[in-house]
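Next up, target-v2.txt (compact mmCIF, C-alpha atoms):
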# COMPACT_ATOMS: atom_id res chain seq x y z
CA ARG P 1 28.49 -185.16 -156.80
CA ARG P 2 25.60 -182.83 -155.95
CA LEU P 3 27.40 -181.68 -152.78
CA GLN P 4 30.61 -181.03 -154.73
CA SER P 5 28.66 -178.89 -157.19
CA HIS P 6 27.62 -176.64 -154.26
CA ARG P 7 31.27 -176.44 -153.09
CA ILE P 8 30.55 -177.71 -149.60
CA ARG P 9 33.82 -178.20 -147.72
CA PHE P 10 34.07 -181.08 -145.25
CA ILE P 11 36.32 -180.76 -142.16
CA PRO P 12 38.13 -183.95 -141.17
CA LEU P 13 37.02 -185.37 -137.84
CA GLN P 14 40.51 -185.19 -136.29
CA GLN P 15 40.85 -181.48 -137.19
CA PHE P 16 37.38 -180.72 -135.76
CA GLN P 17 38.25 -182.48 -132.49
CA SER P 18 41.47 -180.47 -132.17
CA VAL P 19 39.54 -177.20 -132.56
CA VAL P 20 36.95 -178.19 -129.96
CA SER P 21 39.58 -179.39 -127.48
CA SER P 22 41.13 -175.90 -127.36
CA LEU P 23 37.83 -174.45 -126.10
CA VAL P 24 36.75 -177.12 -123.61
CA VAL P 25 38.16 -177.31 -120.10
CA THR P 26 38.97 -180.84 -119.18
CA GLN P 27 38.24 -180.68 -115.46
CA LYS P 28 34.94 -179.51 -114.05
CA GLY P 29 34.94 -176.23 -112.14
CA GLU P 30 38.11 -174.73 -113.71
CA PHE P 31 36.39 -172.44 -116.22
CA GLU P 32 34.28 -169.35 -115.47
CA ALA P 33 32.54 -167.50 -118.29
CA MET P 34 32.83 -164.14 -116.53
CA ARG P 35 35.46 -162.98 -114.08
CA ARG P 36 35.29 -159.88 -111.86
CA VAL P 37 38.62 -158.04 -111.83
CA LEU P 38 39.06 -154.51 -110.43
CA ASN P 39 35.32 -153.72 -110.57
CA THR P 40 35.19 -154.80 -114.21
CA ASN P 41 33.52 -157.77 -115.89
CA VAL P 42 36.19 -159.67 -117.84
CA ASP P 43 35.17 -162.16 -120.53
CA GLY P 44 36.40 -165.59 -119.50
CA GLY P 45 36.38 -166.97 -123.05
CA VAL P 46 39.05 -164.54 -124.32
CA LYS P 47 42.83 -165.00 -124.08
CA VAL P 48 43.94 -163.47 -120.82
CA MET P 49 46.07 -160.65 -122.31
CA TYR P 50 43.20 -159.34 -124.42
CA ALA P 51 40.63 -159.98 -121.67
CA LEU P 52 42.50 -157.69 -119.27
CA THR P 53 42.17 -154.78 -121.71
CA ALA P 54 38.48 -154.58 -120.71
CA ILE P 55 39.73 -152.90 -117.51
CA LYS P 56 39.95 -149.14 -117.99
CA GLY P 57 43.59 -148.06 -117.86
CA VAL P 58 44.98 -151.45 -118.95
CA GLY P 59 46.09 -151.73 -122.58
CA ARG P 60 47.62 -154.65 -124.46
CA ARG P 61 51.21 -153.63 -123.72
CA TYR P 62 50.56 -153.17 -120.01
CA ALA P 63 48.62 -156.47 -119.85
CA ASN P 64 51.54 -158.15 -121.64
CA ILE P 65 54.16 -157.00 -119.15
CA VAL P 66 51.88 -157.77 -116.18
CA LEU P 67 51.44 -161.38 -117.35
CA LYS P 68 55.20 -161.72 -117.84
CA LYS P 69 55.84 -160.49 -114.30
CA ALA P 70 53.11 -162.80 -112.96
CA ASP P 71 54.58 -165.75 -114.93
CA ILE P 72 51.24 -166.70 -116.50
CA ASP P 73 50.89 -168.56 -119.78
CA PHE P 74 49.68 -166.27 -122.59
CA SER P 75 47.70 -169.11 -124.18
CA LYS P 76 45.39 -169.32 -121.15
CA ARG P 77 41.93 -167.85 -121.26
CA ALA P 78 40.70 -165.56 -118.52
CA GLY P 79 38.15 -168.12 -117.35
CA GLU P 80 40.89 -170.69 -116.72
CA LEU P 81 42.86 -168.54 -114.26
CA SER P 82 42.98 -169.73 -110.69
CA HIS P 83 42.16 -167.52 -107.73
CA ASP P 84 45.85 -167.16 -106.85
CA GLU P 85 46.75 -166.15 -110.39
CA LEU P 86 44.03 -163.49 -110.41
CA GLU P 87 45.25 -162.08 -107.11
CA ARG P 88 48.80 -161.99 -108.47
CA ILE P 89 47.64 -160.09 -111.58
CA VAL P 90 45.69 -157.55 -109.51
CA GLU P 91 48.65 -157.05 -107.17
CA ILE P 92 51.02 -156.30 -110.07
CA ILE P 93 48.52 -154.00 -111.81
CA GLN P 94 48.05 -151.94 -108.67
CA ASN P 95 51.73 -151.91 -107.58
CA PRO P 96 53.79 -151.96 -110.78
CA LEU P 97 56.91 -150.29 -109.37
CA GLN P 98 57.34 -153.07 -106.79
CA TYR P 99 57.68 -155.54 -109.66
CA LYS P 100 60.27 -153.46 -111.54
CA ILE P 101 57.93 -152.15 -114.21
CA PRO P 102 59.64 -148.91 -115.39
CA GLN P 103 58.16 -145.53 -114.54
CA TRP P 104 57.91 -144.48 -118.19
CA PHE P 105 55.51 -147.39 -118.73
CA LEU P 106 52.87 -145.97 -116.36
CA ASN P 107 49.96 -143.71 -117.30
CA ARG P 108 50.31 -141.29 -114.33
CA GLN P 109 53.66 -139.54 -114.51
CA LYS P 110 54.83 -137.49 -111.52
CA ASP P 111 51.47 -136.65 -109.97
CA ARG P 112 51.04 -132.94 -109.15
CA THR P 113 50.05 -133.46 -105.52
CA SER P 114 52.26 -136.38 -104.47
CA GLY P 115 54.98 -136.38 -107.14
CA LYS P 116 54.68 -140.17 -107.43
CA TYR P 117 54.33 -142.46 -110.45
CA TRP P 118 51.55 -145.03 -110.65
CA GLN P 119 49.14 -146.79 -112.98
CA LEU P 120 45.56 -145.51 -112.85
CA VAL P 121 42.99 -148.23 -113.49
CA SER P 122 39.23 -148.69 -113.27
CA ASN P 123 37.39 -145.87 -111.46
CA ALA P 124 40.61 -144.03 -110.63
CA VAL P 125 40.98 -143.01 -114.30
CA ASP P 126 37.70 -141.08 -114.30
CA ASN P 127 38.31 -139.63 -110.84
CA SER P 128 41.76 -138.38 -111.78
CA LEU P 129 40.52 -136.87 -115.04
CA ARG P 130 37.71 -135.06 -113.21
CA GLU P 131 40.15 -133.72 -110.60
CA ASP P 132 42.55 -132.49 -113.30
CA LEU P 133 39.77 -130.72 -115.19
CA ASP P 134 38.43 -129.14 -112.00
CA ARG P 135 41.91 -127.93 -111.10
CA MET P 136 42.44 -126.38 -114.55
CA LYS P 137 39.04 -124.69 -114.41
CA LYS P 138 39.66 -123.41 -110.88
CA VAL P 139 43.03 -121.79 -111.68
CA ARG P 140 41.56 -120.47 -114.96
CA VAL P 141 44.34 -121.70 -117.27
CA HIS P 142 43.65 -121.50 -120.99
CA ARG P 143 43.02 -125.22 -121.35
CA GLY P 144 40.68 -125.21 -118.36
CA LEU P 145 38.72 -122.29 -119.77
CA ARG P 146 38.22 -124.08 -123.08
CA HIS P 147 37.03 -127.17 -121.22
CA ASP P 148 34.64 -125.00 -119.22
CA TRP P 149 33.30 -123.41 -122.42
CA ASN P 150 32.92 -126.84 -124.13
CA LEU P 151 35.37 -125.80 -126.86
CA ARG P 152 37.98 -127.98 -128.54
CA VAL P 153 41.26 -128.12 -126.68
CA ARG P 154 43.77 -129.87 -128.95
CA GLY P 155 44.07 -127.38 -131.78
CA GLN P 156 41.23 -128.65 -133.98
CA HIS P 157 39.30 -126.38 -136.31
CA THR P 158 36.31 -124.85 -134.52
CA LYS P 159 34.29 -123.69 -137.54
CA THR P 160 33.27 -127.21 -138.46
CA THR P 161 31.06 -129.98 -137.15
CA GLY P 162 34.03 -132.33 -136.98
CA ARG P 163 32.33 -134.95 -139.09
CA GLY P 164 34.24 -136.60 -141.94
CA GLY P 165 33.82 -139.17 -144.67
CA ARG P 166 31.00 -139.80 -147.09
CA THR P 167 27.37 -139.49 -146.14
CA VAL P 168 25.96 -142.99 -146.51
CA GLY P 169 22.43 -142.33 -145.34
CA VAL P 170 20.30 -140.43 -142.87
CA THR P 171 18.55 -142.17 -140.01
CA LYS P 172 15.58 -140.14 -138.86
CA LYS P 173 15.14 -140.30 -135.10
CA ASN P 174 12.16 -139.23 -133.09
CA GLU P 175 13.90 -136.15 -131.73
CA ILE P 176 13.43 -132.42 -131.31
CA GLY P 177 16.88 -130.91 -131.65
CA GLU P 178 19.01 -132.61 -128.99
CA TYR P 179 16.02 -134.06 -127.10
CA THR P 180 15.17 -137.77 -127.52
CA ARG P 181 11.52 -138.84 -127.40
CA VAL P 182 10.51 -141.26 -124.64
CA GLU P 183 7.69 -143.55 -125.80
CA ASP P 184 7.82 -146.56 -123.49
CA ALA P 185 8.62 -146.66 -119.77
CA GLU P 186 10.20 -150.13 -119.81
CA GLU P 187 12.46 -149.33 -122.77
CA GLU P 188 13.52 -146.06 -121.14
CA VAL P 189 14.37 -147.74 -117.83
CA CYS P 190 16.22 -150.56 -119.61
CA GLU P 191 18.34 -148.09 -121.56
CA LEU P 192 19.12 -145.88 -118.55
CA TYR P 193 19.77 -148.54 -115.94
CA SER P 194 21.82 -150.82 -118.19
CA VAL P 195 24.39 -148.01 -118.32
CA TYR P 196 23.81 -147.13 -114.64
CA TYR P 197 24.46 -150.66 -113.35
CA SER P 198 27.44 -151.19 -115.67
CA SER P 199 29.05 -147.99 -114.35
CA ASN P 200 28.65 -149.39 -110.81
CA GLY P 201 28.06 -145.87 -109.46
CA SER P 202 31.61 -144.81 -110.38
CA SER P 203 30.53 -141.50 -111.92
CA ARG P 204 28.15 -140.51 -109.12
CA LEU P 205 28.99 -136.98 -108.08
CA ASP P 206 29.52 -135.78 -104.53
CA LEU P 207 28.41 -132.16 -104.75
CA VAL P 208 26.82 -131.61 -101.34
CA ASP P 209 27.40 -132.40 -97.68
CA PRO P 210 24.08 -133.38 -96.00
CA SER P 211 25.60 -133.12 -92.51
CA LYS P 212 26.14 -129.35 -92.61
CA THR P 213 23.53 -126.81 -91.58
CA GLU P 214 24.56 -124.31 -94.27
CA LEU P 215 26.16 -124.65 -97.69
CA THR P 216 27.61 -122.20 -100.19
CA VAL P 217 26.68 -123.30 -103.71
CA GLU P 218 28.34 -121.91 -106.84
CA LEU P 219 26.43 -122.43 -110.09
CA THR P 220 28.50 -122.09 -113.26
CA GLY P 221 27.55 -122.26 -116.90
CA GLY P 222 25.74 -118.96 -117.37
CA THR P 223 27.09 -115.53 -118.16
CA LYS P 224 28.14 -115.23 -114.53
CA THR P 225 28.72 -117.51 -111.56
CA LEU P 226 25.86 -117.55 -109.06
CA THR P 227 26.92 -117.83 -105.41
CA LEU P 228 24.03 -118.92 -103.19
CA THR P 229 23.84 -119.63 -99.46
CA ILE P 230 21.49 -122.52 -98.70
CA ALA P 231 20.45 -123.59 -95.20
CA GLN P 232 19.82 -127.26 -94.42
CA ASN P 233 18.21 -129.10 -91.54
CA PRO P 234 19.78 -132.57 -91.15
CA ASN P 235 17.65 -133.26 -88.05
CA ILE P 236 14.38 -133.11 -90.01
CA ASN P 237 15.89 -135.15 -92.82
CA ASN P 238 16.53 -138.08 -90.47
CA GLU P 239 12.81 -138.40 -89.72
CA LEU P 240 10.68 -140.92 -91.59
CA GLY P 241 9.36 -139.60 -94.90
CA GLN P 242 11.43 -136.39 -94.82
CA THR P 243 13.95 -136.07 -97.66
CA GLY P 244 13.77 -132.42 -98.70
CA ALA P 245 15.52 -130.80 -95.74
CA VAL P 246 18.97 -131.14 -97.33
CA LEU P 247 20.34 -130.48 -100.80
CA TRP P 248 20.65 -133.31 -103.33
CA ASN P 249 22.98 -133.53 -106.32
CA SER P 250 20.08 -133.47 -108.76
CA SER P 251 19.03 -129.97 -107.68
CA ILE P 252 22.52 -128.61 -108.41
CA ILE P 253 22.63 -130.35 -111.81
CA THR P 254 19.18 -129.00 -112.73
CA SER P 255 20.12 -125.50 -111.61
CA GLU P 256 23.35 -125.54 -113.62
CA TYR P 257 21.45 -126.75 -116.67
CA LEU P 258 19.06 -123.79 -116.35
CA ALA P 259 22.05 -121.46 -115.99
CA ARG P 260 23.54 -122.80 -119.23
CA ARG P 261 20.23 -122.48 -121.06
CA SER P 262 19.99 -118.85 -120.00
CA THR P 263 22.84 -118.15 -122.43
CA HIS P 264 21.39 -120.32 -125.22
CA GLY P 265 18.04 -118.81 -126.05
CA TRP P 266 15.94 -119.11 -122.89
CA ASP P 267 14.61 -115.70 -121.85
CA PHE P 268 13.77 -116.06 -118.16
CA SER P 269 12.50 -112.48 -117.87
CA THR P 270 9.18 -113.56 -119.41
CA ILE P 271 8.74 -116.81 -117.47
CA ASN P 272 6.38 -117.43 -114.56
CA ALA P 273 7.60 -120.66 -112.94
CA ILE P 274 6.45 -123.04 -110.21
CA GLU P 275 8.64 -125.61 -108.47
CA LEU P 276 6.92 -128.59 -106.89
CA GLY P 277 8.70 -130.23 -103.96
CA SER P 278 11.21 -127.42 -103.61
CA GLY P 279 12.87 -128.72 -100.45
CA CYS P 280 15.62 -126.21 -99.71
CA GLY P 281 14.53 -124.18 -102.75
CA LEU P 282 17.80 -124.16 -104.71
CA VAL P 283 16.22 -124.52 -108.18
CA SER P 284 13.64 -121.79 -107.51
CA ILE P 285 16.31 -119.46 -106.16
CA ALA P 286 18.52 -120.15 -109.19
CA MET P 287 15.68 -119.27 -111.59
CA HIS P 288 14.99 -116.12 -109.61
CA GLN P 289 18.68 -115.13 -109.77
CA LEU P 290 18.67 -115.82 -113.53
CA GLY P 291 15.95 -113.20 -113.96
CA ALA P 292 12.68 -115.17 -113.99
CA ARG P 293 9.69 -112.84 -113.78
CA ARG P 294 7.89 -114.80 -111.07
CA VAL P 295 8.92 -117.97 -109.20
CA VAL P 296 6.74 -119.83 -106.70
CA ALA P 297 8.55 -122.41 -104.56
CA THR P 298 6.17 -124.97 -103.04
CA ASP P 299 6.43 -127.84 -100.57
CA GLN P 300 4.61 -129.36 -97.62
CA ALA P 301 3.90 -127.41 -94.44
CA ARG P 302 6.77 -129.01 -92.50
CA MET P 303 9.31 -127.48 -94.93
CA MET P 304 7.92 -123.94 -95.01
CA LYS P 305 10.21 -122.50 -92.32
CA LEU P 306 13.40 -123.71 -94.02
CA LEU P 307 12.16 -122.86 -97.51
CA THR P 308 11.09 -119.33 -96.51
CA ARG P 309 14.44 -118.73 -94.83
CA ASN P 310 16.36 -119.66 -97.98
CA THR P 311 14.18 -117.61 -100.31
CA ASP P 312 14.46 -114.57 -98.05
CA CYS P 313 18.26 -114.86 -97.81
CA ASN P 314 18.75 -115.20 -101.58
CA ARG P 315 16.15 -112.77 -102.89
CA VAL P 316 17.51 -110.28 -105.42
CA VAL P 317 17.57 -106.69 -104.17
CA GLN P 318 16.06 -104.52 -106.92
CA LEU P 319 16.61 -100.78 -107.15
CA ASN P 320 14.34 -100.57 -110.22
CA ARG P 321 16.46 -97.90 -111.88
CA ASN P 322 15.49 -99.08 -115.36
CA ARG P 323 11.79 -99.16 -114.47
CA LYS P 324 11.61 -102.89 -115.14
CA PRO P 325 8.80 -104.86 -113.49
CA PRO P 326 10.08 -106.33 -110.21
CA THR P 327 10.79 -110.06 -110.10
CA VAL P 328 8.91 -112.10 -107.54
CA LEU P 329 10.11 -115.04 -105.42
CA LEU P 330 7.74 -116.51 -102.86
CA ALA P 331 7.38 -119.76 -100.90
CA THR P 332 4.06 -121.39 -100.09
CA GLU P 333 2.48 -124.73 -99.23
CA TYR P 334 1.18 -127.04 -101.95
CA VAL P 335 0.07 -130.63 -101.20
CA TRP P 336 0.26 -132.93 -104.24
CA GLY P 337 -2.99 -134.40 -105.46
CA ARG P 338 -5.07 -131.50 -104.10
CA ALA P 339 -5.96 -128.07 -105.37
CA PRO P 340 -3.59 -125.39 -104.04
CA GLU P 341 -5.01 -123.61 -101.00
CA ASP P 342 -2.90 -120.50 -101.57
CA PRO P 343 -4.39 -118.48 -104.46
CA ARG P 344 -0.95 -117.00 -105.24
CA VAL P 345 0.18 -120.33 -106.73
CA LEU P 346 -1.89 -119.90 -109.90
CA ALA P 347 -2.53 -116.17 -109.63
CA GLU P 348 -0.64 -115.56 -112.89
CA PRO P 349 -0.34 -117.76 -116.01
CA VAL P 350 2.32 -120.40 -115.50
CA GLY P 351 4.95 -120.92 -118.21
CA MET P 352 7.18 -123.53 -116.61
CA VAL P 353 7.01 -126.18 -113.88
CA VAL P 354 10.24 -127.56 -112.40
CA ILE P 355 10.70 -130.71 -110.32
CA SER P 356 14.01 -131.92 -108.93
CA ASP P 357 14.48 -135.36 -107.39
CA CYS P 358 11.06 -135.69 -105.75
CA VAL P 359 10.09 -139.33 -106.44
CA TYR P 360 11.56 -141.84 -103.98
CA HIS P 361 8.65 -144.31 -103.92
CA GLU P 362 6.23 -145.43 -106.62
CA SER P 363 3.21 -144.45 -104.49
CA VAL P 364 4.18 -140.76 -104.82
CA ALA P 365 4.19 -140.74 -108.64
CA PRO P 366 0.38 -140.59 -109.25
CA LEU P 367 -0.09 -137.69 -106.81
CA LEU P 368 2.77 -135.69 -108.30
CA VAL P 369 1.62 -136.28 -111.90
CA ARG P 370 -1.94 -135.29 -110.97
CA SER P 371 -0.69 -131.95 -109.65
CA LEU P 372 1.42 -131.50 -112.77
CA VAL P 373 -1.60 -132.00 -115.00
CA ASP P 374 -3.68 -129.55 -112.93
CA VAL P 375 -1.02 -126.84 -113.17
CA CYS P 376 -0.51 -127.38 -116.91
CA LYS P 377 -4.25 -127.29 -117.63
CA SER P 378 -4.55 -123.96 -115.82
CA ARG P 379 -3.24 -122.33 -118.99
CA SER P 380 -4.74 -123.09 -122.40
CA ASP P 381 -3.24 -120.43 -124.69
CA VAL P 382 0.32 -121.86 -124.77
CA PRO P 383 1.80 -125.18 -123.60
CA VAL P 384 3.35 -125.24 -120.15
CA VAL P 385 6.88 -126.68 -120.14
CA VAL P 386 7.70 -129.19 -117.39
CA LEU P 387 11.34 -129.86 -116.50
CA VAL P 388 12.00 -132.91 -114.31
CA GLY P 389 15.43 -133.80 -112.91
CA GLN P 390 15.85 -137.18 -111.26
CA GLU P 391 18.75 -139.16 -109.82
CA LEU P 392 18.83 -142.83 -110.84
CA ARG P 393 18.34 -145.04 -107.80
CA SER P 394 15.57 -147.61 -108.28
CA ASP P 395 14.49 -148.92 -111.68
CA ILE P 396 11.09 -149.93 -110.26
CA VAL P 397 10.33 -146.43 -108.94
CA HIS P 398 11.64 -144.81 -112.12
CA ALA P 399 9.53 -147.05 -114.35
CA ALA P 400 6.38 -146.24 -112.36
CA PHE P 401 7.10 -142.51 -112.55
CA VAL P 402 7.78 -142.51 -116.31
CA ALA P 403 4.68 -144.63 -116.97
CA GLU P 404 2.52 -142.10 -115.11
CA LEU P 405 4.09 -139.21 -117.06
CA LEU P 406 3.56 -140.91 -120.44
CA GLU P 407 -0.17 -141.18 -119.80
CA HIS P 408 -0.53 -137.39 -119.96
CA PHE P 409 2.65 -135.85 -121.42
CA ASP P 410 4.92 -135.90 -124.46
CA VAL P 411 8.22 -136.69 -122.74
CA TYR P 412 11.71 -135.99 -124.08
CA ARG P 413 15.00 -136.90 -122.46
CA VAL P 414 17.50 -134.04 -122.34
CA PRO P 415 21.26 -134.77 -122.45
CA VAL P 416 23.08 -132.86 -119.73
CA MET P 417 26.77 -133.86 -119.69
CA PRO P 418 28.51 -137.21 -120.43
CA SER P 419 29.88 -137.31 -116.88
CA VAL P 420 26.39 -136.87 -115.44
CA ASP P 421 24.08 -138.80 -117.77
CA THR P 422 24.97 -142.21 -116.29
CA ASN P 423 23.52 -141.35 -112.87
CA TYR P 424 21.09 -138.48 -113.51
CA VAL P 425 18.37 -137.85 -116.05
CA LEU P 426 16.57 -134.70 -117.13
CA TYR P 427 13.19 -134.69 -118.89
CA ALA P 428 11.39 -131.90 -120.74
CA MET P 429 7.67 -132.42 -121.39
CA TRP P 430 4.33 -130.80 -122.08
CA LEU P 431 0.73 -131.99 -122.10
CA ARG P 432 -0.07 -134.44 -124.87
CA GLY P 433 -1.83 -132.87 -127.81
CA SER P 434 -0.35 -129.40 -127.34
CA HIS P 435 2.27 -128.00 -129.70
CA SER P 436 5.93 -128.12 -128.74
CA PRO P 437 6.97 -124.81 -127.14
CA GLU P 438 9.33 -122.67 -129.16
CA HIS P 439 11.76 -121.95 -126.32
CA THR P 440 12.53 -125.64 -125.75
CA HIS P 441 14.17 -126.03 -129.15
When written as structure tokens, how does the structure in this file appear?
Amino acid sequence: RRLQSHRIRFIPLQQFQSVVSSLVVTQKGEFEAMRRVLNTNVDGGVKVMYALTAIKGVGRRYANIVLKKADIDFSKRAGELSHDELERIVEIIQNPLQYKIPQWFLNRQKDRTSGKYWQLVSNAVDNSLREDLDRMKKVRVHRGLRHDWNLRVRGQHTKTTGRGGRTVGVTKKNEIGEYTRVEDAEEEVCELYSVYYSSNGSSRLDLVDPSKTELTVELTGGTKTLTLTIAQNPNINNELGQTGAVLWNSSIITSEYLARRSTHGWDFSTINAIELGSGCGLVSIAMHQLGARRVVATDQARMMKLLTRNTDCNRVVQLNRNRKPPTVLLATEYVWGRAPEDPRVLAEPVGMVVISDCVYHESVAPLLVRSLVDVCKSRSDVPVVVLVGQELRSDIVHAAFVAELLEHFDVYRVPVMPSVDTNYVLYAMWLRGSHSPEHTH
């Protein structure tokens, strides 16, 4: 009577057993909780038609027709599929026209280059989208221009934030504008590498060719496109401990970010900058081309010949018709962890320090951070901004580097682009205890 007063409902034993029997596989070894299909983790506990929709490019309707062509029971769960059934599903997904799936059903209609019809799935969806956007930007069609300018393409209103609905509440985040505060190295690495490993390297860009001795790099995003000629030395790069003799993707991404910021409030004409671990010197050259007052590119002695060659070839020729002070670009040696031997490194107050993809082993992090602190402490009137670009490779190395930075700096993660943020990260920071610089907002 007391249980009835609380309205507790009892399930008959026979009904409970029927529910459980639909979830339990009778024979051992037939069920797998997670299946790997087309580079995608598919939940084995979900009905197979809905489980296949986890694959990018496969919707419910396409999964439905694939299962019909493969003659697979819709009541099966993905974890119950045999190896032969999985192979049959993959074969039909990748070659739909061979199994009489109509052309109008496919998501790639009459491809521009081949004229064929096919179904794009998994990584091919992102690759095809990137190629289409690059083509539209290259031929300068209206849609491509709006993509390049980060404007809305499909006719939406532009004088609005795009947000709708009622405002339920405001969640205050530890942010400065678009920058997110980094407070713990382990949490930061967990957040970054959970996305990195789930993407399986599919969005990793291929911007450079390390086998060539000379590259032409075009940096877009600013008021004008910068065309730079950068020399490489693949022979030095093959030696043990040498990684800076060729260009890396991170240096191009960092340079393009600086080019975009030059049109959004950053006045480079007043900045004295230092780049640590310049390598081929692309970031320093980009800042010089963007109008930085003084840029010092530094690296170890072995890299000086290549670095000096690139800075000399890309130095801006100034006629000084407007009587502006000449901009300076120089290359010199600077060994991390030691005081700079060349007095020109700190001859003028430094406003910004830039680092691009310099940490490949955790033993390097303390030396680099020590040099960062020394350069930042050389100026006490205003905080020195540090911009660090890094490609995601090893979570152990990244955690050690971030932990060293957090001991001395207030670190903020900077969003670059959605297509880049899964494999590359950009940090803005300044010495702990100093005020946030105005030009980083």
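Counting only C-alpha atoms, the residue from P:Val182, P:Val369, P:Val354, P:Met303 that sits nearest to P:Val411 is P:Val182.
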Write out as a PDB file with C-alpha atoms, in the frame of the given file which residues come within 8 Å of P:Lys69 when counting all atoms listed in the file, dropping same-chain ones fewer than 4 positions away.
ATOM      1  CA  ILE P  65      54.160-157.000-119.150  1.00  0.00           C
ATOM      2  CA  ILE P  92      51.020-156.300-110.070  1.00  0.00           C
ATOM      3  CA  TYR P  99      57.680-155.540-109.660  1.00  0.00           C
TER       4      TYR P  99
END
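Between P:Trp430 and the candidates P:Arg370, P:Val416, P:Leu97, P:Met352, the tightest atom-to-atom separation, counting all atoms listed in the file, involves P:Met352.
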If we count all atoms listed in the file, what is near P:Val296 at a cut-off of 9 Å, once residues fewer than 5 positions away on the same chain are taken out, given as a VMD selection string?
chain P and resid 272 to 276 284 328 to 332 344 to 345
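For the pair atom CA of P:Ala399 and atom CA of P:Ser356, the separation is 16.7 Å.
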List the spatial neighbours of P:Thr113 as a list in words - criterion: any atom at most 12 Å away, all atoms listed in the file, same-chain residues fewer than 6 positions off excluded.
Ser128, Glu131, Asp132 and Arg135 of chain P
Taking 3 positions as the minimum chain separation for residues in the same chain, which residues sit within 9 Å of P:Ser363 when counting all atoms listed in the file? Answer as a PyMOL selection string.
chain P and resi 359-360+366-367+397+400
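In terms of minimum interatomic distance to P:Pro326, P:Ser269 ranks closest within P:Val425, P:Ala339, P:Ser269, P:Tyr412, counting only C-alpha atoms.
Around the point (26.2, -116.2, -114.3), within 12 Å and counting all atoms listed in the file, we find these residues: P:Glu218, P:Leu219, P:Thr220, P:Gly221, P:Gly222, P:Thr223, P:Lys224, P:Thr225, P:Leu226, P:Thr227, P:Leu228, P:Ser255, P:Glu256, P:Tyr257, P:Leu258, P:Ala259, P:Arg260, P:Arg261, P:Ser262, P:Thr263, P:Ala286, P:Met287, P:Gln289, P:Leu290, P:Gly291.
Between atom CA of P:Ser251 and atom CA of P:Leu282 there is a distance of 6.6 Å.
In this model, the gap between atom CA of P:Tyr50 and atom CA of P:Asn127 comes to 24.4 Å.
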P:Val125: which residues within 12 Å, counting all atoms listed in the file, same-chain residues fewer than 2 positions away excluded, as a list in words?
Ile55, Lys56, Gly57, Val58, Asn107, Arg108, Trp118, Gln119, Leu120, Val121, Ser122, Asn123, Asn127, Ser128, Leu129, Arg130, Glu131, Asp132, Ser202 and Ser203 of chain P
Please produce stretch 209-217 of chain P, completed to N, CA, C and O atoms, as a PDB file, keeping the file's coordinate frame.
ATOM      1  N   ASP P 209      27.127-131.763 -98.962  1.00  0.00           N
ATOM      2  CA  ASP P 209      27.400-132.400 -97.680  1.00  0.00           C
ATOM      3  C   ASP P 209      26.122-132.319 -96.844  1.00  0.00           C
ATOM      4  O   ASP P 209      25.785-131.258 -96.308  1.00  0.00           O
ATOM      5  N   PRO P 210      25.368-133.434 -96.713  1.00  0.00           N
ATOM      6  CA  PRO P 210      24.080-133.380 -96.000  1.00  0.00           C
ATOM      7  C   PRO P 210      24.214-133.194 -94.498  1.00  0.00           C
ATOM      8  O   PRO P 210      23.207-132.981 -93.823  1.00  0.00           O
ATOM      9  N   SER P 211      25.436-133.252 -93.962  1.00  0.00           N
ATOM     10  CA  SER P 211      25.600-133.120 -92.510  1.00  0.00           C
ATOM     11  C   SER P 211      25.716-131.680 -92.058  1.00  0.00           C
ATOM     12  O   SER P 211      25.594-131.393 -90.869  1.00  0.00           O
ATOM     13  N   LYS P 212      25.966-130.744 -92.977  1.00  0.00           N
ATOM     14  CA  LYS P 212      26.140-129.350 -92.610  1.00  0.00           C
ATOM     15  C   LYS P 212      24.809-128.625 -92.530  1.00  0.00           C
ATOM     16  O   LYS P 212      23.861-128.973 -93.225  1.00  0.00           O
ATOM     17  N   THR P 213      24.756-127.600 -91.717  1.00  0.00           N
ATOM     18  CA  THR P 213      23.530-126.810 -91.580  1.00  0.00           C
ATOM     19  C   THR P 213      23.444-125.684 -92.606  1.00  0.00           C
ATOM     20  O   THR P 213      22.374-125.114 -92.787  1.00  0.00           O
ATOM     21  N   GLU P 214      24.564-125.373 -93.265  1.00  0.00           N
ATOM     22  CA  GLU P 214      24.560-124.310 -94.270  1.00  0.00           C
ATOM     23  C   GLU P 214      25.614-124.602 -95.320  1.00  0.00           C
ATOM     24  O   GLU P 214      26.723-125.032 -94.992  1.00  0.00           O
ATOM     25  N   LEU P 215      25.259-124.388 -96.578  1.00  0.00           N
ATOM     26  CA  LEU P 215      26.160-124.650 -97.690  1.00  0.00           C
ATOM     27  C   LEU P 215      26.248-123.420 -98.581  1.00  0.00           C
ATOM     28  O   LEU P 215      25.269-122.697 -98.754  1.00  0.00           O
ATOM     29  N   THR P 216      27.413-123.220 -99.166  1.00  0.00           N
ATOM     30  CA  THR P 216      27.610-122.200-100.190  1.00  0.00           C
ATOM     31  C   THR P 216      27.702-122.905-101.538  1.00  0.00           C
ATOM     32  O   THR P 216      28.608-123.716-101.750  1.00  0.00           O
ATOM     33  N   VAL P 217      26.767-122.622-102.422  1.00  0.00           N
ATOM     34  CA  VAL P 217      26.680-123.300-103.710  1.00  0.00           C
ATOM     35  C   VAL P 217      27.039-122.309-104.811  1.00  0.00           C
ATOM     36  O   VAL P 217      26.498-121.202-104.858  1.00  0.00           O
TER      37      VAL P 217
END
